[in-house]
Each structure stands twice: as C-alpha cells, then as structure tokens.
Amino acid sequence: MILLRRYLIYLILVILVATGFTYISYKIYPSIGFVKNDIWRVLPSPGDANRDIYTRAFVSQYGTFALAKPEAAYFSASIDIEENLLSGNCSYKLTGEDIEAKWWAITLYDKDGFLTQNNEKLYSFNSENIDFNFEGGFEIYFTNDDAFIAELNNKNWLRSPEEENFSISMRIYLPGEEFFSNLKRINLPIVEKIRCLDE
C-alpha cells in the first residue's frame with residue numbers, strides 16, 4: 001500500500017512537471033521559434049518533416065497543412081509600424097510592392113483566428129485580384145469605419161472586426177530559395193494607422 005502511494009505521488013509529480021514544462025514552452029516558443037521582420041513574424045519552415053516537437057505543436061494548432069520551404073512562407077502580424085496592436089476601432093493602410101513569387105495573398109483574421117464576417121463577403125486580396133498602383137505597388141486598407149470607406153478611392157479594402165483586435169496573414173508561395181535565406185531583411189509591406197473612431 002505504501003509502495004502504491006509512493007508511485008501515485010511520483011506519477012502526479014511527473015504529470016505536474018510535464019504540464020508545467022509544456023505550458024512554459026508554449027508561452028516562450030513564439031519568441032524563440034519565429035523570425036521577426038519589422039511587424040511580421042514567420043516560422044522558417046513549418047511544414048518541414050524534420051521540424052522539432054515545439055514547431056509541430058504550434059503548427060498543429062495554427063496551420064495544420066503548412067508547407068515546407070521553398071514551397072511557401074507564412075507571415076503574420078498583429079501590430080502596426082508603431083508596434084501598437086491592430087484594433088477594429090482604427091483604420092490602417094498596408095503599403096507594399098509586388099512580391100516576387102508564384103502567388104501570394106493577404107488575409108484579415110479576428111482575434112480568435114477566424115475570418116471576419118462582413119456584408120461584402122471580402123476577406124483577402126491576392127496577387128491576381130488586387131489593384132496595383134501606377135508604380136507597381138499596392139495599398140490595402142483595413143477599416144470598420146463606413147465614413148472612411150466612403151472617402152476611399154481604392155478598391156483594396158477589408159472590413160476589420162468591430163471593437164476588437166485583429167491580425168493579418170501573408171502567404172507567399174514559391175518565392176525562391178534566396179527568399180528564405182534573408183527572412184529578417186526582405187522587403188515586406190508595412191501597416192500604418194491612419195485614424196481611430198475615438199479620436
């Protein structure tokens with residue numbers, strides 16, 4: 001009976017240590033596993049067959065069918081260029097240049113990682129449906145302000161969720177091997193806050 005009690009205590013201790021280690025690993029993984037480029041962060045190769053257990057765990061939650069390099073790169077951003085969280089109370093402008101890749105897309109997600117429901121049924125822009133400017137670049141506006149939308153001379157806008165934070169994702173397919181050797185310094189779009197509803 002004493003032996004059984006001792007094994008039960010050991011088992012509980014092992015479970016507590018494993019749970020604590022898993023929780024801590026989950027919390028610190030984004031700061032050590034991702035490459036940062038201005039507002040963007042990216043896992044270098046989330047679909048790699050030889051990825052570590054922490055990358056596997058993260059991908060299982062946020063990107064189950066992720067591809068390996070050089071097939072795709074998945075960038076995400078939840079802050080603007082001033083490092084403030086993206087908020088549905090504000091309007092933003094994303095400015096970028098055409099990305100050298102087979103195909104790319106920029107999508108807006110709510111705080112829970114889902115597409116934001118909207119009457120326009122518009123959730124994303126990609127290299128085939130976006131309107132480029134005369135210089136070959138593009139702008140995308142993120143807003144929930146109908147007055148601001150009425151002022152826009154640009155078709156490239158996505159409705160952000162009301163009164164909650166959101167994030168944007170940029171998926172780039174077949175950008176080439178050199179792209180992955182320079183993830184920290186490649187030229188990516190920036191997001192600037194234009195104005196907020198409570199200002």
# chains A, B, ... in the order shown; residues from 1 in each chain; ligands from 1
>>> residues_around(residues="Asp98 in chain A", least_positions_apart="3", cutoff="12 Å", atoms="only C-alpha atoms", output="PyMOL selection string")
chain A and resi 95+101-106+126-128+130-139+172+175+187-189
>>> residues_around(residues="Ser169 in chain A", least_positions_apart="4", cutoff="9 Å", atoms="only C-alpha atoms", output="MDAnalysis selection string")
chainID A and resid 40 74:78 105:109
>>> closest_residue(among="A:Leu152, A:Leu158, A:Leu13, A:Ile79", to="Asn118 in chain A", atoms="only C-alpha atoms")
A:Leu158
>>> closest_residue(among="A:Asn144, A:Ser87, A:Glu162, A:Ser167", to="Phe114 in chain A", atoms="only C-alpha atoms")
A:Ser167
>>> select_by_dssp(residues="range 6-191 of chain A", states="alpha helix (DSSP H)", output="PyMOL selection string")
chain A and resi 6-33+53-62+146-151+177-180
>>> select_by_dssp(residues="range 50-157 of chain A", states="strand (DSSP E or B)", output="ChimeraX atom specification")
/A:72-77,79,85,87,90-97,103-110,115,124-126,137-143,157
>>> residues_around(residues="Pro70 in chain A", least_positions_apart="3", cutoff="7 Å", atoms="only C-alpha atoms", output="mmCIF file with C-alpha atoms, in the first residue's frame")
data_model
loop_
_atom_site.group_PDB
_atom_site.id
_atom_site.type_symbol
_atom_site.label_atom_id
_atom_site.label_comp_id
_atom_site.auth_asym_id
_atom_site.auth_seq_id
_atom_site.Cartn_x
_atom_site.Cartn_y
_atom_site.Cartn_z
ATOM 1 C CA LEU A 174 7.157 29.600 -54.401
ATOM 2 C CA GLY A 176 12.524 31.025 -54.454
ATOM 3 C CA GLU A 177 15.361 29.697 -52.280
#
>>> residues_around(residues="Phe34 in chain A", least_positions_apart="6", cutoff="6 Å", atoms="only C-alpha atoms", output="PyMOL selection string")
chain A and resi 41-43
>>> write_last_selection(atoms="N, CA and C atoms", output="compact mmCIF listing (two decimals), in the first residue's frame")
# COMPACT_ATOMS: atom_id res chain seq x y z
N ARG A 41 6.11 38.24 -38.34
CA ARG A 41 6.86 37.10 -37.80
C ARG A 41 6.54 35.88 -38.65
N VAL A 42 7.54 34.98 -38.76
CA VAL A 42 7.39 33.83 -39.64
C VAL A 42 8.16 32.65 -39.07
N LEU A 43 7.58 31.47 -39.20
CA LEU A 43 8.32 30.23 -38.92
C LEU A 43 9.09 29.88 -40.18
>>> closest_residue(among="A:Pro44, A:Gly96, A:Gly88, A:Pro161", to="Thr116 in chain A", atoms="only C-alpha atoms")
A:Pro161
>>> atom_distance(atom1="CA of Asn154 in chain A", atom2="CA of Cys90 in chain A")
17.6 Å
>>> closest_residue(among="A:Lys36, A:Arg159, A:Lys69, A:Lys111", to="Tyr173 in chain A", atoms="only C-alpha atoms")
A:Lys69
>>> closest_residue(among="A:Tyr10, A:Glu151, A:Asn84, A:Ile140", to="Glu97 in chain A", atoms="only C-alpha atoms")
A:Ile140
>>> atom_distance(atom1="CA of Asp112 in chain A", atom2="CA of Ile39 in chain A")
19.2 Å
>>> atom_distance(atom1="CA of Ser91 in chain A", atom2="CA of Met170 in chain A")
18.7 Å
